[in-house]
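Student: Right, I'll just put the structure down here and ask away after.
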Amino acid sequence: MPTAQEQTTARIPQRVIWLALAGAVGGFLFGFDSSVVNGAVDAMKDEFALSEAVTGFAVAIALLGCAAGAYLAGKVADHYGRIPAMKLGALLFLVSALGTGFAFGVWDLIFWRLVGGLGIGLASVIAPAYISEISPRHVRGRLASLQQLAITTGIFAALLSDALLATSAGGAGEAYWLGIEAWRWMFLAAALPAVVYGWIAFTLPESPRFLVFQGKEEEARKVFNSIVPAEETDRHIREIRDAIEEDKLAGQKGSVRGKTFGLQAVVWVGIILSVLQQFVGINVIFYYSTTLWKAVGFQEKDSLTISVATSVTNILVTLVAIALVDRIGRRPILLAGSVGMAISLAAMAVAFSTAVGSGSEISLPGAWGPVALVAANVFVVSFGASWGPLVWVLLGEIFPSRIRARALGLAAAAQWVANFAITLSFPVMAAGSLPLTYAMYALFAAASFFFVMFKVPETNGMSLEQAETLFVRKGSAA
Ligand code: BGC
């Protein structure tokens with residue numbers, strides 16, 4: 001393992017940085033496309049005269065598309081390669097941007113959102129798989145965290161582009177450029193990053209690890225030569241070949257199936273990490289924050305400002321994770337993040353329990369308003385510097401290469417389903433009891449601490465093949 005000194009001083013080849021950044025563009029689309037609906041939803045509702053239920057369905061359906069897309073990504077990427085999966089993702093993003101932008105009615109709009117969801121799901125799997133597979137071990141955490149930086153930037157860019165379009169047109173439902181309403185332009189705007197992503201996919205080399213698994217060693221050697229010092233290429237190829245041999249000896253057939261409730265134990269580790277990442281309620285902040293803040297007495301204008309400020313904080317704290325992940329390792333960051341999330345979520349639960357009044361007259365008395373605000377931001381900081389990026393880093397590195405994309409696809413699909421469950425249940429649960437809802441998220445944050453403590457070994461500084469040994473061959477972590 002490299003020493004801490006080596007880790008901080010080793011230079012990252014420029015080519016690798018470019019490949020990782022290019023791979024992370026999928027993360028940007030993931031963030032952009034999943035948030036762009038925020039600014040469009042009310043205008044869409046008016047234009048097609050939608051009921052609350054159909055509106056909710058049109059918004060949430062994309063998340064189920066994401067789950068299906070993640071699952072599909074695994075199959076496509078392990079069978080045809082990482083790059084074909086990226087190309088498919090770019091096509092789906094483009095078609096969905098044009099389809100939603102020019103939607104005739106609610107049913108085709110719902111269909112195009114489902115198509116967009118498939119693209120997001122694909123990108124959520126391909127970016128971490130590709131980045132981990134082209135990254136040298138001593139900087140893999142940093143480079144894989146670029147995915148989260150791209151997701152958070154995408155969320156912010158969507159909020160900003162929605163706000164700019166709505167302001168310039170005088171409202172999301174007003175006609176704008178070429179007589180097309182602003183809300184339609186919000187979706188059409190996503191076509192631009194989709195085209196860039198597609199173009200990038202045509203310029204990137206295939207993952208060298210995928211190539212070795214396909215028996216294309218010469219091609220793999222060329223890619224490795226461009227990203228690691230020449231003397232390391234042989235070692236990498238040897239390690240991957242050994243891993244394949246050991247898999248064969250151990251009777252692993254390159255399948256995610258196994259003896260732990262039908263799956264390999266490592267796949268469960270990925271699924272549980274994913275589900276916990278969502279069950280702390282992070283997306284309640286991103287999807288409903290305006291409603292949340294209004295519900296406890298803030299004005300609409302202030303609530304919007306708070307939401308934008310939160311999305312900027314979310315980008316900035318990712319940089320903390322990027323700075324630390326290859327220095328102090330994955331476990332300490334995740335554990336600290338769990339503690340920060342559990343405390344801040346519990347503080348929010350307490351603050352919300354003090355609410356007085358009812359309906360639009362509700363408010364938090366005395367210092368409880370600021371306490372809730374500070375706690376919510378501590379929560380976003382704790383998440384954004386730890387579980388946000390690191391779950392994607394781990395999903396990229398804990399699975400054996402032979403099943404990486406499929407296992408990642410399953411774990412990411414579980415993440416999208418968990419996201420869907422939280423998104424759908426929040427309004428109902430909050431109407432029942434906001435403090436209890438937050439107490440539940442706090443409990444999941446506490447559970448996340450113990451899960452990492454007992455089930456997630458440190459992978460910092462290891463090659464993907466060594467990391468795989470930790471989780472799979474020397475008996476499993478779960
Ligand atoms: C999660 C998303 C979330 C985002 C917020 C990502 O790691 O997968 O569900 O919206 O973080 O920053």
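The chains in the structure tokens are called A, B, ... from first to last as shown; in each chain the residues are counted from 1, and the ligands are counted from 1 in the order shown.
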Within 6 Å of ligand 1, which residues of chain A come that close, and what is the closest atom pair and distance in Å for each? Count only C-alpha atoms and all ligand atoms and give it as a Markdown table.
Tutor:
```
| residue | atom | partner | partner_atom_place_in_ligand_line | distance |
| --- | --- | --- | --- | --- |
| A:Gln148 | CA | ligand 1 | 7 (O) | 5.8 |
| A:Thr152 | CA | ligand 1 | 12 (O) | 5.2 |
| A:Asn283 | CA | ligand 1 | 10 (O) | 5.3 |
| A:Gly388 | CA | ligand 1 | 7 (O) | 3.8 |
| A:Pro389 | CA | ligand 1 | 7 (O) | 5.6 |
```
Student: Neighbours of Met453 in chain A within 12 Å (only C-alpha atoms; same-chain residues fewer than 2 positions away dropped), as a ChimeraX atom specification?
Tutor: /A:330-336,338-339,446-451,455-458,477-478
Student: Tell me, counting only C-alpha atoms, for each residue of range 56-153 of chain A within 8 Å of range 406-418 of chain A, which pair of atoms is nearest and how far apart they are in Å to one decimal, in rows ordered by chain and increasing number, as JSON lines.
Tutor:
```
{"residue": "A:Leu63", "atom": "CA", "partner": "A:Trp416", "partner_atom": "CA", "distance": 6.0}
{"residue": "A:Leu64", "atom": "CA", "partner": "A:Val417", "partner_atom": "CA", "distance": 6.6}
{"residue": "A:Cys66", "atom": "CA", "partner": "A:Trp416", "partner_atom": "CA", "distance": 6.2}
{"residue": "A:Ala67", "atom": "CA", "partner": "A:Ala413", "partner_atom": "CA", "distance": 4.1}
{"residue": "A:Ala68", "atom": "CA", "partner": "A:Ala413", "partner_atom": "CA", "distance": 6.7}
{"residue": "A:Gly69", "atom": "CA", "partner": "A:Ala413", "partner_atom": "CA", "distance": 7.7}
{"residue": "A:Ala70", "atom": "CA", "partner": "A:Gly409", "partner_atom": "CA", "distance": 4.8}
{"residue": "A:Tyr71", "atom": "CA", "partner": "A:Gly409", "partner_atom": "CA", "distance": 4.6}
{"residue": "A:Leu72", "atom": "CA", "partner": "A:Gly409", "partner_atom": "CA", "distance": 7.2}
{"residue": "A:Ala73", "atom": "CA", "partner": "A:Gly409", "partner_atom": "CA", "distance": 6.2}
{"residue": "A:Gly74", "atom": "CA", "partner": "A:Arg406", "partner_atom": "CA", "distance": 3.8}
{"residue": "A:Lys75", "atom": "CA", "partner": "A:Arg406", "partner_atom": "CA", "distance": 5.8}
{"residue": "A:Ala77", "atom": "CA", "partner": "A:Arg406", "partner_atom": "CA", "distance": 7.8}
{"residue": "A:Asp78", "atom": "CA", "partner": "A:Arg406", "partner_atom": "CA", "distance": 6.6}
{"residue": "A:Gly121", "atom": "CA", "partner": "A:Ala413", "partner_atom": "CA", "distance": 7.5}
{"residue": "A:Ser124", "atom": "CA", "partner": "A:Ala412", "partner_atom": "CA", "distance": 7.1}
{"residue": "A:Val125", "atom": "CA", "partner": "A:Gly409", "partner_atom": "CA", "distance": 5.8}
{"residue": "A:Ala129", "atom": "CA", "partner": "A:Leu408", "partner_atom": "CA", "distance": 7.7}
```
Student: Restricted to N, CA and C atoms, what would the selected residues look like written as a JSON list (two decimals), in the first residue's frame?
Tutor:
```json
[["chain", "number", "residue", "atom", "x", "y", "z"],
["A", 63, "LEU", "N", -38.18, 8.26, -11.18],
["A", 63, "LEU", "CA", -37.33, 7.51, -10.24],
["A", 63, "LEU", "C", -37.44, 6.01, -10.51],
["A", 64, "LEU", "N", -38.64, 5.55, -10.90],
["A", 64, "LEU", "CA", -38.76, 4.12, -11.23],
["A", 64, "LEU", "C", -38.01, 3.83, -12.54],
["A", 66, "CYS", "N", -35.36, 5.32, -13.35],
["A", 66, "CYS", "CA", -33.94, 5.29, -12.93],
["A", 66, "CYS", "C", -33.58, 3.89, -12.43],
["A", 67, "ALA", "N", -34.48, 3.31, -11.63],
["A", 67, "ALA", "CA", -34.20, 1.98, -11.09],
["A", 67, "ALA", "C", -34.06, 0.98, -12.24],
["A", 68, "ALA", "N", -35.00, 1.05, -13.21],
["A", 68, "ALA", "CA", -34.93, 0.13, -14.36],
["A", 68, "ALA", "C", -33.66, 0.41, -15.17],
["A", 69, "GLY", "N", -33.33, 1.69, -15.32],
["A", 69, "GLY", "CA", -32.13, 2.06, -16.10],
["A", 69, "GLY", "C", -30.86, 1.55, -15.45],
["A", 70, "ALA", "N", -30.81, 1.60, -14.11],
["A", 70, "ALA", "CA", -29.62, 1.13, -13.39],
["A", 70, "ALA", "C", -29.45, -0.37, -13.61],
["A", 71, "TYR", "N", -30.55, -1.10, -13.52],
["A", 71, "TYR", "CA", -30.51, -2.54, -13.70],
["A", 71, "TYR", "C", -30.06, -2.88, -15.13],
["A", 72, "LEU", "N", -30.66, -2.15, -16.08],
["A", 72, "LEU", "CA", -30.32, -2.37, -17.50],
["A", 72, "LEU", "C", -28.85, -2.05, -17.76],
["A", 73, "ALA", "N", -28.36, -0.98, -17.12],
["A", 73, "ALA", "CA", -26.97, -0.56, -17.31],
["A", 73, "ALA", "C", -26.03, -1.70, -16.96],
["A", 74, "GLY", "N", -26.33, -2.39, -15.86],
["A", 74, "GLY", "CA", -25.47, -3.47, -15.43],
["A", 74, "GLY", "C", -25.35, -4.53, -16.51],
["A", 75, "LYS", "N", -26.49, -4.89, -17.07],
["A", 75, "LYS", "CA", -26.49, -5.94, -18.11],
["A", 75, "LYS", "C", -25.72, -5.48, -19.34],
["A", 77, "ALA", "N", -23.54, -3.04, -19.69],
["A", 77, "ALA", "CA", -22.12, -2.73, -19.49],
["A", 77, "ALA", "C", -21.27, -3.98, -19.30],
["A", 78, "ASP", "N", -21.82, -5.03, -18.66],
["A", 78, "ASP", "CA", -21.03, -6.25, -18.50],
["A", 78, "ASP", "C", -21.01, -7.07, -19.78],
["A", 121, "GLY", "N", -30.59, 6.43, -14.67],
["A", 121, "GLY", "CA", -30.20, 5.18, -14.03],
["A", 121, "GLY", "C", -28.94, 4.60, -14.67],
["A", 124, "SER", "N", -25.96, 6.59, -13.63],
["A", 124, "SER", "CA", -25.60, 6.42, -12.22],
["A", 124, "SER", "C", -24.74, 5.17, -12.01],
["A", 125, "VAL", "N", -24.80, 4.24, -12.93],
["A", 125, "VAL", "CA", -24.01, 3.02, -12.80],
["A", 125, "VAL", "C", -22.70, 3.11, -13.58],
["A", 129, "ALA", "N", -18.50, 2.96, -12.27],
["A", 129, "ALA", "CA", -17.79, 1.76, -12.74],
["A", 129, "ALA", "C", -16.60, 2.18, -13.60]]
```
Student: Using only C-alpha atoms for the distances, tell me which of A:Val76, A:Ile403, A:Leu192, A:Val106 is nearest to Phe213 in chain A.
Tutor: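 Looking only at the distances to Phe213 in chain A, the closest residue turns out to be A:Ile403.
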Student: Please identify all polymer residues within 9 Å of Ile110 in chain A, counting only C-alpha atoms, omitting same-chain residues fewer than 2 positions from it, and present them as a PyMOL selection string.
Tutor: chain A and resi 57-59+61-62+100+105-108+112-115
Student: DSSP on the backbone: which residues in range 145-311 of chain A end up as strand (DSSP E or B)? Give the answer as a ChimeraX atom specification.
Tutor: /A:175,181,257-260,263
Student: Create the file for the chosen residues now, containing all heavy atoms and written as a PDB file, in the first residue's frame.
Tutor:
```pdb
ATOM      1  N   ALA A 175     -44.861  32.174 -22.553  1.00  0.00           N
ATOM      2  CA  ALA A 175     -44.148  31.880 -23.802  1.00  0.00           C
ATOM      3  C   ALA A 175     -42.793  32.585 -23.765  1.00  0.00           C
ATOM      4  O   ALA A 175     -42.662  33.685 -23.240  1.00  0.00           O
ATOM      5  CB  ALA A 175     -44.960  32.381 -24.982  1.00  0.00           C
ATOM      6  N   GLU A 181     -43.111  27.834 -24.415  1.00  0.00           N
ATOM      7  CA  GLU A 181     -43.153  28.215 -22.998  1.00  0.00           C
ATOM      8  C   GLU A 181     -41.837  27.906 -22.288  1.00  0.00           C
ATOM      9  O   GLU A 181     -41.154  26.933 -22.625  1.00  0.00           O
ATOM     10  CB  GLU A 181     -44.271  27.472 -22.241  1.00  0.00           C
ATOM     11  CG  GLU A 181     -45.667  27.813 -22.671  1.00  0.00           C
ATOM     12  CD  GLU A 181     -46.153  26.812 -23.715  1.00  0.00           C
ATOM     13  OE1 GLU A 181     -45.317  26.160 -24.361  1.00  0.00           O
ATOM     14  OE2 GLU A 181     -47.378  26.694 -23.855  1.00  0.00           O
ATOM     15  N   ARG A 257     -25.476 -13.895  -8.255  1.00  0.00           N
ATOM     16  CA  ARG A 257     -26.174 -14.815  -7.359  1.00  0.00           C
ATOM     17  C   ARG A 257     -25.207 -15.453  -6.371  1.00  0.00           C
ATOM     18  O   ARG A 257     -24.022 -15.627  -6.667  1.00  0.00           O
ATOM     19  CB  ARG A 257     -26.833 -15.933  -8.167  1.00  0.00           C
ATOM     20  CG  ARG A 257     -28.016 -15.456  -8.940  1.00  0.00           C
ATOM     21  CD  ARG A 257     -28.664 -16.615  -9.698  1.00  0.00           C
ATOM     22  NE  ARG A 257     -29.428 -16.095 -10.797  1.00  0.00           N
ATOM     23  CZ  ARG A 257     -30.600 -15.485 -10.650  1.00  0.00           C
ATOM     24  NH1 ARG A 257     -31.133 -15.333  -9.466  1.00  0.00           N
ATOM     25  NH2 ARG A 257     -31.227 -15.018 -11.708  1.00  0.00           N
ATOM     26  N   GLY A 258     -25.726 -15.804  -5.196  1.00  0.00           N
ATOM     27  CA  GLY A 258     -24.867 -16.411  -4.187  1.00  0.00           C
ATOM     28  C   GLY A 258     -25.697 -16.985  -3.063  1.00  0.00           C
ATOM     29  O   GLY A 258     -26.923 -17.114  -3.182  1.00  0.00           O
ATOM     30  N   LYS A 259     -24.988 -17.280  -1.956  1.00  0.00           N
ATOM     31  CA  LYS A 259     -25.661 -18.044  -0.888  1.00  0.00           C
ATOM     32  C   LYS A 259     -26.359 -17.166   0.147  1.00  0.00           C
ATOM     33  O   LYS A 259     -27.054 -17.664   1.018  1.00  0.00           O
ATOM     34  CB  LYS A 259     -24.623 -18.917  -0.191  1.00  0.00           C
ATOM     35  CG  LYS A 259     -24.021 -19.960  -1.119  1.00  0.00           C
ATOM     36  CD  LYS A 259     -23.302 -21.051  -0.328  1.00  0.00           C
ATOM     37  CE  LYS A 259     -22.552 -21.990  -1.246  1.00  0.00           C
ATOM     38  NZ  LYS A 259     -21.156 -21.594  -1.421  1.00  0.00           N
ATOM     39  N   THR A 260     -26.108 -15.842   0.105  1.00  0.00           N
ATOM     40  CA  THR A 260     -26.735 -14.979   1.118  1.00  0.00           C
ATOM     41  C   THR A 260     -28.061 -14.443   0.572  1.00  0.00           C
ATOM     42  O   THR A 260     -28.067 -13.485  -0.203  1.00  0.00           O
ATOM     43  CB  THR A 260     -25.787 -13.812   1.473  1.00  0.00           C
ATOM     44  OG1 THR A 260     -24.466 -14.337   1.637  1.00  0.00           O
ATOM     45  CG2 THR A 260     -26.223 -13.108   2.729  1.00  0.00           C
ATOM     46  N   LEU A 263     -28.092 -13.842  -3.121  1.00  0.00           N
ATOM     47  CA  LEU A 263     -27.082 -12.989  -3.767  1.00  0.00           C
ATOM     48  C   LEU A 263     -25.738 -13.188  -3.077  1.00  0.00           C
ATOM     49  O   LEU A 263     -25.673 -13.655  -1.940  1.00  0.00           O
ATOM     50  CB  LEU A 263     -27.472 -11.510  -3.626  1.00  0.00           C
ATOM     51  CG  LEU A 263     -28.709 -11.037  -4.390  1.00  0.00           C
ATOM     52  CD1 LEU A 263     -29.014  -9.585  -4.029  1.00  0.00           C
ATOM     53  CD2 LEU A 263     -28.501 -11.164  -5.893  1.00  0.00           C
TER      54      LEU A 263
END
```
Student: Write out as a PyMOL selection string the residues lying within 7 Å of Thr153 in chain A, counting only C-alpha atoms and excluding same-chain residues fewer than 4 positions away.
Tutor: chain A and resi 28+149+157+315
